[in-house]
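protein-v8.txt (compact mmCIF, C-alpha atoms)
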```txt
# COMPACT_ATOMS: atom_id res chain seq x y z
CA MET A 50 -21.27 -37.74 -75.45
CA SER A 51 -23.34 -40.88 -75.05
CA SER A 52 -21.91 -41.64 -71.61
CA ALA A 53 -22.51 -38.08 -70.44
CA VAL A 54 -26.08 -38.16 -71.66
CA ALA A 55 -26.71 -41.63 -70.26
CA GLY A 56 -25.70 -40.50 -66.81
CA THR A 57 -28.10 -37.57 -66.79
CA SER A 58 -31.42 -39.20 -67.57
CA ARG A 59 -32.86 -40.39 -64.27
CA THR A 60 -34.77 -37.30 -63.17
CA PRO A 61 -36.91 -34.76 -65.03
CA ALA A 62 -34.20 -32.11 -64.59
CA ARG A 63 -31.55 -34.41 -65.99
CA TYR A 64 -33.84 -35.46 -68.81
CA LEU A 65 -34.23 -31.80 -69.77
CA HIS A 66 -30.46 -31.35 -69.55
CA SER A 67 -29.94 -34.31 -71.88
CA LEU A 68 -32.61 -32.95 -74.19
CA TRP A 69 -30.82 -29.63 -74.38
CA LEU A 70 -27.46 -31.29 -75.09
CA LEU A 71 -28.89 -33.29 -77.99
CA SER A 72 -30.83 -30.34 -79.41
CA ALA A 73 -27.76 -28.09 -79.20
CA ARG A 74 -25.77 -30.79 -80.97
CA ASP A 75 -28.34 -30.87 -83.78
CA LEU A 76 -28.12 -27.11 -84.22
CA ARG A 77 -24.30 -27.14 -84.21
CA VAL A 78 -24.20 -29.91 -86.82
CA ARG A 79 -26.78 -28.13 -88.96
CA TYR A 80 -24.90 -24.83 -89.07
CA ALA A 81 -21.27 -25.97 -88.59
CA THR A 82 -20.44 -25.97 -92.31
CA SER A 83 -22.68 -23.02 -93.20
CA ALA A 84 -21.12 -19.61 -93.72
CA LEU A 85 -24.45 -17.89 -93.03
CA GLY A 86 -25.26 -19.97 -89.96
CA TYR A 87 -28.21 -18.50 -88.04
CA LEU A 88 -29.21 -16.36 -91.01
CA TRP A 89 -30.58 -19.48 -92.72
CA SER A 90 -33.30 -19.52 -90.05
CA ILE A 91 -34.40 -16.17 -91.43
CA LEU A 92 -33.61 -16.54 -95.13
CA ASP A 93 -35.57 -19.76 -95.66
CA PRO A 94 -38.96 -18.47 -94.40
CA LEU A 95 -38.21 -15.04 -95.87
CA ILE A 96 -37.81 -16.47 -99.38
CA MET A 97 -40.89 -18.69 -98.99
CA SER A 98 -42.95 -15.76 -97.77
CA ALA A 99 -41.80 -13.55 -100.64
CA ILE A 100 -42.71 -16.22 -103.22
CA TYR A 101 -46.20 -16.82 -101.84
CA TRP A 102 -46.81 -13.09 -101.45
CA PHE A 103 -45.82 -12.46 -105.06
CA VAL A 104 -47.95 -15.33 -106.41
CA PHE A 105 -51.08 -14.44 -104.44
CA THR A 106 -50.91 -10.65 -104.69
CA GLN A 107 -49.17 -9.92 -107.99
CA VAL A 108 -49.98 -12.91 -110.21
CA PHE A 109 -53.42 -14.02 -109.05
CA HIS A 110 -56.36 -11.94 -107.93
CA ARG A 111 -56.54 -12.87 -104.26
CA THR A 112 -59.92 -13.09 -102.55
CA VAL A 113 -58.81 -14.72 -99.30
CA GLY A 114 -57.04 -13.58 -96.15
CA HIS A 115 -56.78 -10.13 -94.61
CA GLU A 116 -54.66 -7.06 -95.16
CA PRO A 117 -51.75 -6.73 -94.82
CA TYR A 118 -51.65 -10.10 -96.54
CA ILE A 119 -47.91 -10.64 -96.10
CA THR A 120 -48.34 -10.53 -92.31
CA PHE A 121 -51.44 -12.73 -92.55
CA LEU A 122 -49.42 -15.25 -94.55
CA ILE A 123 -46.31 -15.31 -92.39
CA THR A 124 -48.20 -15.75 -89.11
CA ALA A 125 -49.21 -19.22 -90.32
CA LEU A 126 -46.31 -19.99 -92.66
CA LEU A 127 -43.62 -19.82 -89.97
CA PRO A 128 -45.42 -22.27 -87.62
CA TRP A 129 -46.02 -24.51 -90.64
CA VAL A 130 -42.28 -24.56 -91.40
CA TRP A 131 -41.70 -25.71 -87.80
CA PHE A 132 -44.42 -28.36 -88.07
CA ASN A 133 -43.31 -29.61 -91.48
CA ALA A 134 -39.62 -29.80 -90.50
CA CYS A 135 -40.42 -31.75 -87.32
CA VAL A 136 -42.74 -34.27 -88.96
CA SER A 137 -40.25 -34.83 -91.79
CA ASP A 138 -37.44 -35.49 -89.30
CA PHE A 139 -39.64 -37.77 -87.15
CA THR A 140 -39.50 -40.32 -89.96
CA ARG A 141 -35.69 -40.61 -89.45
CA ALA A 142 -35.51 -39.89 -85.72
CA PHE A 143 -34.26 -43.33 -84.69
CA ASN A 144 -32.63 -44.61 -87.87
CA LYS A 145 -30.39 -41.56 -88.02
CA ASP A 146 -28.80 -42.27 -84.62
CA ALA A 147 -29.47 -46.00 -84.36
CA ARG A 148 -26.22 -46.75 -82.54
CA LEU A 149 -26.83 -44.14 -79.85
CA VAL A 150 -30.46 -45.18 -79.48
CA ARG A 151 -29.42 -48.78 -78.83
CA SER A 152 -26.41 -48.09 -76.62
CA THR A 153 -27.54 -45.27 -74.31
CA ALA A 154 -29.78 -45.57 -71.28
CA ILE A 155 -31.71 -42.36 -71.82
CA PRO A 156 -35.49 -42.57 -72.44
CA ARG A 157 -35.96 -43.09 -76.17
CA SER A 158 -38.63 -40.38 -76.33
CA ILE A 159 -35.81 -37.86 -76.10
CA TRP A 160 -34.89 -38.60 -79.74
CA VAL A 161 -38.30 -37.27 -80.75
CA ASN A 162 -38.37 -34.34 -78.36
CA ARG A 163 -34.91 -33.18 -79.38
CA ILE A 164 -36.22 -32.61 -82.91
CA ILE A 165 -39.13 -30.55 -81.60
CA LEU A 166 -36.84 -28.43 -79.43
CA SER A 167 -34.16 -27.79 -82.07
CA LYS A 168 -36.71 -26.96 -84.76
CA GLY A 169 -38.64 -24.88 -82.23
CA ILE A 170 -35.53 -22.81 -81.56
CA GLU A 171 -35.18 -22.25 -85.29
CA PHE A 172 -38.83 -21.19 -85.37
CA LEU A 173 -38.25 -18.64 -82.61
CA CYS A 174 -35.14 -17.40 -84.43
CA SER A 175 -37.23 -16.81 -87.55
CA LEU A 176 -39.71 -14.53 -85.75
CA PRO A 177 -37.74 -11.38 -86.74
CA VAL A 178 -39.12 -12.05 -90.25
CA LEU A 179 -42.67 -11.73 -88.92
CA ILE A 180 -41.84 -8.69 -86.79
CA GLY A 181 -40.09 -6.97 -89.69
CA PHE A 182 -42.93 -7.48 -92.16
CA ALA A 183 -45.53 -6.53 -89.54
CA ILE A 184 -43.74 -3.20 -89.01
CA VAL A 185 -43.20 -2.50 -92.70
CA SER A 186 -46.77 -3.44 -93.68
CA GLY A 187 -48.31 -1.45 -90.84
CA ALA A 188 -49.98 -4.38 -89.09
CA HIS A 189 -51.46 -3.55 -85.69
CA VAL A 190 -50.70 -5.71 -82.67
CA GLY A 191 -53.67 -6.42 -80.41
CA TRP A 192 -54.52 -8.32 -77.25
CA GLY A 193 -54.14 -11.60 -79.12
CA VAL A 194 -50.37 -11.40 -78.85
CA LEU A 195 -50.84 -12.76 -75.31
CA LEU A 196 -52.03 -16.02 -76.87
CA PHE A 197 -48.78 -16.54 -78.78
CA PRO A 198 -47.23 -18.70 -76.00
CA VAL A 199 -50.46 -20.73 -75.90
CA ALA A 200 -50.11 -21.41 -79.63
CA VAL A 201 -46.51 -22.54 -79.16
CA PHE A 202 -47.53 -24.82 -76.28
CA VAL A 203 -50.45 -26.43 -78.15
CA GLN A 204 -48.33 -26.97 -81.24
CA THR A 205 -45.60 -28.54 -79.10
CA ILE A 206 -48.08 -30.98 -77.53
CA LEU A 207 -49.37 -31.91 -81.00
CA LEU A 208 -45.83 -32.47 -82.30
CA VAL A 209 -44.88 -34.63 -79.32
CA GLY A 210 -47.83 -36.90 -79.95
CA LEU A 211 -47.20 -37.14 -83.69
CA GLY A 212 -43.51 -37.81 -83.12
CA LEU A 213 -44.14 -40.63 -80.65
CA ILE A 214 -46.44 -42.25 -83.21
CA LEU A 215 -44.47 -41.68 -86.41
CA ALA A 216 -40.90 -42.26 -85.26
CA PRO A 217 -41.27 -45.91 -84.17
CA LEU A 218 -43.69 -46.74 -86.99
CA CYS A 219 -41.17 -45.50 -89.58
CA VAL A 220 -38.55 -47.87 -88.15
CA LEU A 221 -40.92 -50.82 -88.54
CA TRP A 222 -42.37 -49.77 -91.93
CA GLY A 223 -39.88 -47.91 -94.12
CA ASP A 224 -42.47 -46.95 -96.75
CA LEU A 225 -44.18 -44.74 -94.21
CA GLU A 226 -41.47 -42.10 -94.70
CA ARG A 227 -42.50 -41.50 -98.32
CA THR A 228 -46.18 -41.63 -97.38
CA THR A 229 -45.60 -38.96 -94.75
CA LYS A 230 -44.05 -36.63 -97.33
CA LEU A 231 -47.12 -36.98 -99.55
CA VAL A 232 -49.46 -36.32 -96.63
CA LEU A 233 -47.52 -33.20 -95.68
CA ARG A 234 -47.86 -31.81 -99.21
CA ALA A 235 -51.61 -32.29 -99.11
CA LEU A 236 -51.86 -30.97 -95.55
CA PHE A 237 -50.23 -27.69 -96.55
CA TYR A 238 -53.17 -26.83 -98.80
CA ALA A 239 -55.71 -28.40 -96.43
CA SER A 240 -54.56 -26.10 -93.62
CA PRO A 241 -55.43 -22.38 -93.38
CA ILE A 242 -52.03 -20.96 -94.36
CA ILE A 243 -52.62 -19.05 -97.59
CA TYR A 244 -56.26 -18.56 -96.55
CA GLY A 245 -58.22 -18.37 -93.31
CA THR A 246 -60.97 -20.67 -92.05
CA SER A 247 -63.38 -17.76 -92.40
CA ASP A 248 -62.77 -17.91 -96.18
CA LEU A 249 -64.10 -21.47 -96.39
CA PRO A 250 -67.75 -22.28 -97.18
CA ALA A 251 -69.78 -23.69 -94.28
CA PRO A 252 -69.25 -27.45 -94.80
CA PHE A 253 -65.49 -27.13 -95.28
CA ALA A 254 -65.13 -24.65 -92.42
CA THR A 255 -66.65 -27.24 -90.09
CA LEU A 256 -64.36 -29.97 -91.40
CA ALA A 257 -61.35 -27.66 -91.04
CA ALA A 258 -61.95 -27.52 -87.29
CA PHE A 259 -60.92 -31.18 -87.09
CA ASN A 260 -57.50 -30.20 -88.42
CA PRO A 261 -55.75 -29.08 -85.21
CA LEU A 262 -53.52 -26.74 -87.21
CA SER A 263 -56.59 -24.58 -87.91
CA GLY A 264 -56.94 -23.69 -84.24
CA VAL A 265 -53.18 -23.40 -83.74
CA PHE A 266 -52.80 -20.96 -86.64
CA ALA A 267 -55.79 -18.98 -85.37
CA LEU A 268 -53.98 -18.55 -82.05
CA TYR A 269 -50.95 -17.17 -83.87
CA ARG A 270 -52.94 -14.91 -86.18
CA VAL A 271 -55.19 -13.35 -83.59
CA ALA A 272 -52.25 -11.17 -82.48
CA PHE A 273 -52.67 -9.14 -85.68
CA PHE A 274 -56.11 -10.20 -86.90
CA PRO A 275 -58.68 -10.41 -84.06
CA GLU A 276 -61.35 -11.47 -86.56
CA GLU A 277 -59.46 -14.75 -87.03
CA TRP A 278 -60.40 -15.82 -83.49
CA ASN A 279 -62.55 -18.96 -83.60
CA GLY A 280 -63.27 -20.47 -80.20
CA PHE A 281 -64.49 -23.77 -81.65
CA ASP A 282 -61.37 -24.26 -83.79
CA VAL A 283 -59.10 -23.42 -80.85
CA ALA A 284 -60.97 -25.76 -78.49
CA MET A 285 -60.78 -28.56 -81.07
CA ALA A 286 -57.06 -27.94 -81.55
CA ILE A 287 -56.43 -28.27 -77.82
CA VAL A 288 -58.58 -31.40 -77.43
CA ILE A 289 -57.16 -33.13 -80.52
CA SER A 290 -53.57 -32.25 -79.57
CA LEU A 291 -54.06 -33.75 -76.12
CA LEU A 292 -55.66 -36.86 -77.63
CA VAL A 293 -52.81 -37.24 -80.13
CA ALA A 294 -50.30 -36.90 -77.28
CA ALA A 295 -52.11 -39.57 -75.24
CA VAL A 296 -52.28 -41.93 -78.22
CA GLY A 297 -48.62 -41.20 -78.94
CA LEU A 298 -47.57 -42.23 -75.43
CA TRP A 299 -49.57 -45.46 -75.73
CA VAL A 300 -48.23 -46.31 -79.20
CA PHE A 301 -44.66 -45.55 -78.21
CA ARG A 302 -44.81 -47.83 -75.18
CA ARG A 303 -46.21 -50.64 -77.29
CA LEU A 304 -43.72 -50.26 -80.14
CA GLU A 305 -40.51 -49.31 -78.33
CA ARG A 306 -39.30 -52.90 -77.83
CA PRO A 307 -40.09 -54.10 -81.40
CA MET A 308 -38.48 -50.94 -82.72
CA LEU A 309 -35.23 -51.57 -80.82
CA LYS A 310 -35.08 -55.09 -82.24
CA GLU A 311 -35.43 -53.67 -85.74
CA LEU A 312 -32.70 -51.04 -85.38
```

Kindly return the structure encoded in the file as structure tokens.
Amino acid sequence: MSSAVAGTSRTPARYLHSLWLLSARDLRVRYATSALGYLWSILDPLIMSAIYWFVFTQVFHRTVGHEPYITFLITALLPWVWFNACVSDFTRAFNKDARLVRSTAIPRSIWVNRIILSKGIEFLCSLPVLIGFAIVSGAHVGWGVLLFPVAVFVQTILLVGLGLILAPLCVLWGDLERTTKLVLRALFYASPIIYGTSDLPAPFATLAAFNPLSGVFALYRVAFFPEEWNGFDVAMAIVISLLVAAVGLWVFRRLERPMLKEL
């Protein structure tokens, strides 16, 4: 496969073809030994959603979010699963396929982007969970559904930037992988997933805008909850995502050669 991929990396079209080949390989490997296969893309977020719904509606007296809460929860939880899975895999993006990274002539950024694409496909495959709960809970779809592709695009840009920063750094500093896991745990509760930014008091609501996931999740949620629209959060998410992508390109160019020596 390495020779086939190496020979298809000199133009944008061929880069995309190589990206698809690697992403498809990841998906085949992930589900090859699984009897349920694609259903895991649905079962995993379904179980997570059911647990959080039970905890925050049946165990605790919930004062955050909007009704139907299960739809409110899933509209942010599914994108979070995509984000969390990508960032976790970024820490092993090059070490996992070190031999291929060293021996093939394809642009090394493809090893980051292939994670985003494969996990993004799993995210899209999990959307029936959201659609099903939205129908059952009686959620109403509004004009905001047109912003769903915008949310996917902004999140993709953010992930590309983070991947180009994290992946080479984790090759050079192995401890960063464990640090990233700790940061992700904290970020889950620091991001408006089980609550909305409108539930935060003024000082924290302003700080939340500097978390690009706040604006990204608002773009997803506005399809069902127009009151979740926050122009400032969305604008900040777009600006920060573009800045992270620009920094990622710069960092990756600076660290690519030292990273290859370390592999």

Mind dumping a table of every segment 212-286 of chain A residue within 12 Å of segment 164-187 of chain A, with the nearest atom pair and its distance in Å to one decimal, using all atoms listed in the file, sorted by chain and rising number, as JSON lines?
```
{"residue": "A:Gly212", "atom": "CA", "partner": "A:Ile165", "partner_atom": "CA", "distance": 8.6}
{"residue": "A:Leu213", "atom": "CA", "partner": "A:Ile165", "partner_atom": "CA", "distance": 11.3}
{"residue": "A:Ala216", "atom": "CA", "partner": "A:Ile164", "partner_atom": "CA", "distance": 11.0}
{"residue": "A:Tyr269", "atom": "CA", "partner": "A:Leu179", "partner_atom": "CA", "distance": 11.1}
{"residue": "A:Arg270", "atom": "CA", "partner": "A:Leu179", "partner_atom": "CA", "distance": 11.1}
{"residue": "A:Ala272", "atom": "CA", "partner": "A:Ala183", "partner_atom": "CA", "distance": 10.8}
{"residue": "A:Phe273", "atom": "CA", "partner": "A:Ala183", "partner_atom": "CA", "distance": 8.5}
{"residue": "A:Phe274", "atom": "CA", "partner": "A:Ala183", "partner_atom": "CA", "distance": 11.5}
```

- Residue among A:Ala284, A:Ala257, A:Ala294, A:Ile214 lying closest to Phe139 of chain A, counting only C-alpha atoms: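 Smallest separation from Phe139 of chain A among the options: A:Ile214.
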
- How many Å lie between atom CA of Arg63 of chain A and atom CA of Thr205 of chain A, rounded to one decimal?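 That distance, rounded to one decimal, is 20.1 Å.
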
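You will find atom CA of Val108 of chain A at 16.7 Å from atom CA of Ile96 of chain A.
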
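Reported to one decimal place, the separation of atom CA of Trp278 of chain A from atom CA of Gly245 of chain A is 10.4 Å.
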
- Within 10 Å of (-60.1, -27.3, -79.5) (coordinates as in the file), grab all the protein and nucleic acid residues, counting only C-alpha atoms, and write them out as a list in words.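 Every polymer residue passing the test: Val203, Ala258, Phe259, Asn260, Pro261, Ser263, Gly264, Val265, Asn279, Gly280, Phe281, Asp282, Val283, Ala284, Met285, Ala286, Ile287, Val288, Ile289, Ser290 and Leu291 of chain A.
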
- For each of A:Trp222, A:Trp192, A:Phe132, A:Phe301, take the minimum atom-to-atom distance to Phe237 of chain A, counting all atoms listed in the file, then give the residue where this is smallest.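 Looking at the shortest contact to Phe237 of chain A, the residue is A:Phe132.
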
- Task: Quick one: everything within 9 Å of Glu311 of chain A, counting all atoms listed in the file, minus sequence neighbours fewer than 5 positions away in the same chain. Send it as a ChimeraX atom specification.
- Result: /A:220-221,306

- Task: Just the residues within 8 Å of segment 128-130 of chain A, please, counting all atoms listed in the file, with nothing from its chain fewer than 3 positions along; format it as a ChimeraX atom specification.
- Result: /A:94,124-125,133-134,172,237,242,266

- Message: Counting all atoms listed in the file, which residue out of A:Glu277, A:Glu116, A:Asp93, A:Glu226 sits closest to Asn144 of chain A?
- Response: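 Of all the options, A:Glu226 lies closest to Asn144 of chain A.
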
- Query: Near Ala239 of chain A, within 10 Å and counting all atoms listed in the file, which residues show up once chain neighbours fewer than 4 positions away are dropped, as an MDAnalysis selection string?
  - Reply: chainID A and resid 233:235 243:244 253 257 260 262:263

- Skip Met97 of chain A itself and residues of its chain fewer than 5 positions away, then list as number ranges by chain all residues within 9 Å of it, counting all atoms listed in the file. A: 92, 102, 126

- Task: Tell me which of A:Leu256, A:Leu95, A:Leu249, A:Val190 sits closest to Gly114 of chain A, counting all atoms listed in the file.
- Result: A:Leu249

Please write out, as JSON, where the centre of an axis-aligned box around all listed atoms of segment 170-181 of chain A lies and how long its edges are, in Å to one decimal, after adding 4 Å on each side.
```
{"center_x": -38.9, "center_y": -14.9, "center_z": -85.9, "size_x": 15.5, "size_y": 23.8, "size_z": 16.7}
```
